[in-house]
Amino acid sequence: MKTPLLLLIVTLLLNLPVQAQQLPFEQQTVLLADGTQALLWISLDDKADLLHYKLRYDSNPEIYKPSDVESFNYAGQQYYTLPLRDGYFTFFKVYHEGKEFAVLEKAPSYKALRVIADESDGRYSLCQNKSNNRFYLCYKEVKGNSQLYDIRTYRYSAGPVTIGTSEFEVHKIVYLAIEGQLKLFYLETDERFNYWDNWMGPRPGKRRTEEMLEEFIEDKEKISAIQKKVKRDKLDIRFPPHLIIALEAVYH
């Protein structure tokens, strides 16, 4: 069963306006959306957001969509179904589930990447690589300024120069559920220097740590306590186990 924290997140989100990778089958108890439990042979296809299941190991597999399932364990990990937006339900892997916060991972499925692109205020778009048919997030590379002619004012004005479009592959999507909200926290990508690292490869410092947390935590004293924990223990909050340790300085 979901804890009160995740039940709260579900309630809040319900009110808000790739390629397949199937793993071996294993026998697990699945909690279905109607509240019943079933002992099934299951295999998770997290890139396609599908749970394959069989009543017996030698029977033909069938499919559960995320909206059909509430929770299950697979490959030693706990999974929950949560609504990401607009009725889009998806599987989340649980890194940590406490009384006051949870750290979750979402596989970079097509729909998950589409949500990120749609909610990026134009920063990203969803692209498909023609050579391998995989989906990436794309962004425009902007460098320097140029004199642009504004036909409305008949004047030249300085503006950014778009020098091309770059793409990056998302390996991991980390979400943080805390203080009544579930939001995207970090994207692990194939780029060492990317927006989510504030264009820096090394471990985030004090200011970057504050920037990453202030969208989730309003209490400055809590953020300060977390910063001290990060500095003292040399933590990198982009890494979920380190994020959990840092947050446990002030949350349960």
# chains A, B, ... in the order shown; residues from 1 in each chain; ligands from 1
call {"tool": "select_by_dssp", "arguments": {"residues": "range 19-184 of chain A", "states": "strand (DSSP E)", "output": "ChimeraX atom specification"}}
result
/A:26-32,37-45,50-54,62-64,69-74,77-85,88-97,101-106,125-128,135-150,155-168,170-178,181-184
call {"tool": "closest_residue", "arguments": {"among": "A:Tyr110, A:Phe101, A:Tyr139, A:Phe168", "to": "Ile217 in chain A", "atoms": "only C-alpha atoms"}}
result
A:Phe101
call {"tool": "residues_around", "arguments": {"residues": "Asp233 in chain A", "least_positions_apart": "3", "cutoff": "12 Å", "atoms": "only C-alpha atoms", "output": "short mmCIF file (atom, residue, chain, number, x, y, z; two decimals) with N, CA and C atoms, in the first residue's frame"}}
result
data_model
loop_
_atom_site.label_atom_id
_atom_site.label_comp_id
_atom_site.auth_asym_id
_atom_site.auth_seq_id
_atom_site.Cartn_x
_atom_site.Cartn_y
_atom_site.Cartn_z
N ILE A 226 20.83 21.47 5.01
CA ILE A 226 21.17 20.49 3.99
C ILE A 226 22.49 20.84 3.33
N GLN A 227 22.72 22.14 3.07
CA GLN A 227 23.98 22.57 2.48
C GLN A 227 25.16 22.19 3.37
N LYS A 228 25.00 22.37 4.66
CA LYS A 228 26.07 22.01 5.60
C LYS A 228 26.35 20.52 5.57
N LYS A 229 25.28 19.73 5.49
CA LYS A 229 25.44 18.27 5.41
C LYS A 229 26.15 17.88 4.12
N VAL A 230 25.77 18.52 3.01
CA VAL A 230 26.40 18.25 1.71
C VAL A 230 27.89 18.57 1.76
N ASP A 236 27.04 14.61 -3.43
CA ASP A 236 26.62 15.09 -4.75
C ASP A 236 25.14 14.77 -4.87
N ILE A 237 24.28 15.80 -4.69
CA ILE A 237 22.84 15.54 -4.62
C ILE A 237 22.23 15.17 -5.97
N HIS A 242 22.97 10.00 -2.40
CA HIS A 242 23.51 11.19 -1.72
C HIS A 242 22.40 12.20 -1.44
N LEU A 243 21.46 12.33 -2.36
CA LEU A 243 20.31 13.22 -2.13
C LEU A 243 19.52 12.78 -0.91
N ILE A 245 20.63 11.06 1.72
CA ILE A 245 21.41 11.36 2.93
C ILE A 245 21.31 12.84 3.27
N ALA A 246 21.40 13.69 2.25
CA ALA A 246 21.34 15.14 2.48
C ALA A 246 19.99 15.56 3.05
N ALA A 249 18.97 15.12 6.74
CA ALA A 249 19.47 16.05 7.74
C ALA A 249 18.33 16.84 8.39
#
call {"tool": "closest_residue", "arguments": {"among": "A:Glu100, A:Ser120, A:Gly180, A:Val170", "to": "Lys47 in chain A", "atoms": "only C-alpha atoms"}}
result
A:Val170
